[in-house]
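K.L.:
This is the structure I have questions about; it appears just below.
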Amino acid sequence: MGKVVIMDHPLIQHKIGYIRRKETGTKDFRQTISEIAMLICYEATRDLQLADVDIETPICKTTVKELKGKKMAVVPILRAGLGMVDGMLTLIPAAKVGHIGLYRDPETHEPVEYYCKLPDDCSQREIFVVDPMLATGGSASAAITMLKAKGCQNIHFMCIIAAPEGIKKLTEDHPDVDLYVGALDEKLNENAYIIPGLGDAGDRIFGTK
């Protein structure tokens, strides 16, 4: 059974407060999103397994701990998820990066795939799906369904701000996936925007309207 972890680290809370402000500009918003992603990644990788490895220091031989087993992949949901990638690669520079593009059909409101490019060995990797906002949960659930269809089994989802509705959908659709959430907000409004949220993360990261 997957777990839902809501971050309580003071630095994460402080930085999320900063990006919520409407006067925070594109450059600072983009930089802070990356920093928050790095901090959440630090917490989300807490349970990775370690193995003993024999090495030699300049002084003597000893045994150290290194990450065991599966390699990692970061899979942002386009386009806002791109803002979280660099922060994660700072911590895990050897990770491969895949991309999933989805848009919401204006008639059905269901997510539709328009792009998917993943590492060839993605089914053998520990996958971290990233998107700054988890609103209805539709896109995140569809992205994880796509990954599972390609044989991926070890999947985690990371977001910066989530609505209760999104967490409910994701945990119901994918009970085996761990969720790491920077902040849990109050609800969605009638336009499926998170309240209080921070507006459109993609527009604020890339300076578009």
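Each chain in the structure tokens gets a letter, A, B, ..., in the order shown, and its residues are numbered from 1; ligands are numbered from 1 in order too.
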Name all residues at most 7 Å from Ala163 in chain A (count only C-alpha atoms; drop same-chain ones fewer than 6 positions away) and give them as a JSON list (two decimals) with C-alpha atoms, in the first residue's frame.

P.N.:
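The file below, selection-v1.json, is the result:
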[["chain", "number", "residue", "atom", "x", "y", "z"],
["A", 134, "LEU", "CA", -1.92, 17.95, -8.08],
["A", 135, "ALA", "CA", -5.40, 19.40, -8.68],
["A", 184, "LEU", "CA", -1.91, 20.08, 1.19],
["A", 185, "ASP", "CA", -4.31, 22.90, 0.31],
["A", 186, "GLU", "CA", -8.00, 23.41, 1.07],
["A", 187, "LYS", "CA", -9.93, 22.47, -2.10],
["A", 188, "LEU", "CA", -10.49, 23.05, -5.81],
["A", 194, "ILE", "CA", -6.28, 24.81, -6.18]]

K.L.:
Range 56-157 of chain A: which residues are alpha helix (DSSP H) by DSSP, as a list in words?

P.N.:
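Taking range 56-157 of chain A and keeping alpha helix (DSSP H) only, one gets Val85, Asp86, Gly87, Met88, Leu89, Thr90, Leu91, Gly138, Ser139, Ala140, Ser141, Ala142, Ala143, Ile144, Thr145, Met146, Leu147, Lys148 and Ala149 of chain A.
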
K.L.:
For Lys96 in chain A, please output as a ChimeraX atom specification all residues within 7 Å (counting only C-alpha atoms; exclusion window: fewer than 3 positions along the same chain).

P.N.:
/A:72-74,119

K.L.:
Any chance you could export the current selection's all heavy atoms as a PDB file, in the first residue's frame?

P.N.:
ATOM      1  N   MET A  72      17.538   5.217 -11.079  1.00  0.00           N
ATOM      2  CA  MET A  72      16.364   6.076 -10.987  1.00  0.00           C
ATOM      3  C   MET A  72      16.058   6.797 -12.292  1.00  0.00           C
ATOM      4  O   MET A  72      16.932   6.979 -13.131  1.00  0.00           O
ATOM      5  CB  MET A  72      16.551   7.080  -9.864  1.00  0.00           C
ATOM      6  CG  MET A  72      16.336   6.453  -8.503  1.00  0.00           C
ATOM      7  SD  MET A  72      16.701   7.585  -7.168  1.00  0.00           S
ATOM      8  CE  MET A  72      18.318   7.056  -6.732  1.00  0.00           C
ATOM      9  N   ALA A  73      14.808   7.205 -12.424  1.00  0.00           N
ATOM     10  CA  ALA A  73      14.396   8.045 -13.541  1.00  0.00           C
ATOM     11  C   ALA A  73      13.431   9.097 -13.014  1.00  0.00           C
ATOM     12  O   ALA A  73      12.591   8.815 -12.155  1.00  0.00           O
ATOM     13  CB  ALA A  73      13.723   7.228 -14.638  1.00  0.00           C
ATOM     14  N   VAL A  74      13.586  10.311 -13.517  1.00  0.00           N
ATOM     15  CA  VAL A  74      12.670  11.410 -13.203  1.00  0.00           C
ATOM     16  C   VAL A  74      11.783  11.620 -14.429  1.00  0.00           C
ATOM     17  O   VAL A  74      12.297  11.768 -15.544  1.00  0.00           O
ATOM     18  CB  VAL A  74      13.446  12.704 -12.879  1.00  0.00           C
ATOM     19  CG1 VAL A  74      12.481  13.835 -12.549  1.00  0.00           C
ATOM     20  CG2 VAL A  74      14.419  12.479 -11.729  1.00  0.00           C
ATOM     21  N   PRO A 119      13.120   6.455 -20.883  1.00  0.00           N
ATOM     22  CA  PRO A 119      14.336   5.645 -21.030  1.00  0.00           C
ATOM     23  C   PRO A 119      13.994   4.209 -21.426  1.00  0.00           C
ATOM     24  O   PRO A 119      12.962   3.676 -20.989  1.00  0.00           O
ATOM     25  CB  PRO A 119      14.961   5.689 -19.627  1.00  0.00           C
ATOM     26  CG  PRO A 119      14.379   6.889 -18.970  1.00  0.00           C
ATOM     27  CD  PRO A 119      13.004   7.061 -19.542  1.00  0.00           C
TER      28      PRO A 119
END

K.L.:
Within 12 Å of range 99-113 of chain A, counting only C-alpha atoms, which residues show up once you throw out same-chain ones fewer than 4 positions away? Write them as a count of residues only, please.

P.N.:
34

K.L.:
Calculated over only C-alpha atoms, which of the candidates A:Leu179, A:Met7, A:Ala201, A:Leu48 has the smallest distance to Glu66 in chain A?

P.N.:
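Among A:Leu179, A:Met7, A:Ala201, A:Leu48, it is A:Leu48 that comes nearest to Glu66 in chain A.
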
K.L.:
If you run DSSP on this backbone, which residues of range 84-205 of chain A come out as strand (DSSP E), and could you give them as a PyMOL selection string?

P.N.:
chain A and resi 96-97+99-104+111-117+126-130+133-134+155-162+178-184+187-188+194-195

K.L.:
Which value, in Å to one decimal, gives the distance between CA of Glu56 in chain A and CA of Thr90 in chain A?

P.N.:
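One can read the CA of Glu56 in chain A to CA of Thr90 in chain A distance as 26.1 Å.
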
K.L.:
Extract, using only C-alpha atoms, all DNA, RNA and protein residues at most 7 Å from range 203-209 of chain A, discarding same-chain residues fewer than 2 positions from it, and format them as a PyMOL selection string.

P.N.:
chain A and resi 26+29-30+83+200-201

K.L.:
Output C-alpha atoms for every residue in the selection just made, as a PDB file, in the first residue's frame.

P.N.:
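Result file is again12.pdb:
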ATOM      1  CA  THR A  26       9.343  34.391 -13.072  1.00  0.00           C
ATOM      2  CA  PHE A  29       9.562  31.514  -8.970  1.00  0.00           C
ATOM      3  CA  ARG A  30      11.477  29.149 -11.276  1.00  0.00           C
ATOM      4  CA  GLY A  83      10.509  23.101 -13.451  1.00  0.00           C
ATOM      5  CA  ASP A 200      -0.920  28.372 -13.039  1.00  0.00           C
ATOM      6  CA  ALA A 201       2.488  26.867 -12.259  1.00  0.00           C
TER       7      ALA A 201
END

K.L.:
Rank A:Asp178, A:Glu35, A:Asp121, A:Asp173 by their smallest atom-to-atom distance to Gly151 in chain A, using only C-alpha atoms, and report the top residue only.

P.N.:
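When distances to Gly151 in chain A are compared using only C-alpha atoms, the smallest one comes from A:Asp121.
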
K.L.:
Between CA of Gly69 in chain A and CA of Ala51 in chain A, what distance in Å does the model show, to one decimal?

P.N.:
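That distance, rounded to one decimal, is 8.4 Å.
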
K.L.:
Would you mind listing what lies within 12 Å of Gln13 in chain A as a PyMOL selection string, with only C-alpha atoms counted and same-chain residues fewer than 2 positions away left out?

P.N.:
chain A and resi 6-11+15-20+32+35-36+39-40+160-161+181-184

K.L.:
Please list as JSON, numbers by chain every residue within 12 Å of Thr63 in chain A, counting only C-alpha atoms and excluding residues in the same chain fewer than 6 positions away.

P.N.:
{"A": [51, 52, 53, 54, 55, 56, 57]}

K.L.:
In Å, rounded to a single decimal, give me how far CA of Leu67 in chain A is from CA of Cys159 in chain A.

P.N.:
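Calculated distance between CA of Cys159 in chain A and CA of Leu67 in chain A is 23.7 Å.
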
K.L.:
Which residue out of A:Val64, A:Cys152, A:Met84, A:Ala44 has the minimum interatomic distance to Pro132 in chain A when only C-alpha atoms are used?

P.N.:
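That would be A:Met84, the residue with the smallest distance to Pro132 in chain A.
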
K.L.:
Counting only C-alpha atoms, which of A:Lys3, A:Lys27, A:Lys22, A:Lys169 gets nearest to Ile155 in chain A?

P.N.:
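Of all the options, A:Lys3 lies closest to Ile155 in chain A.
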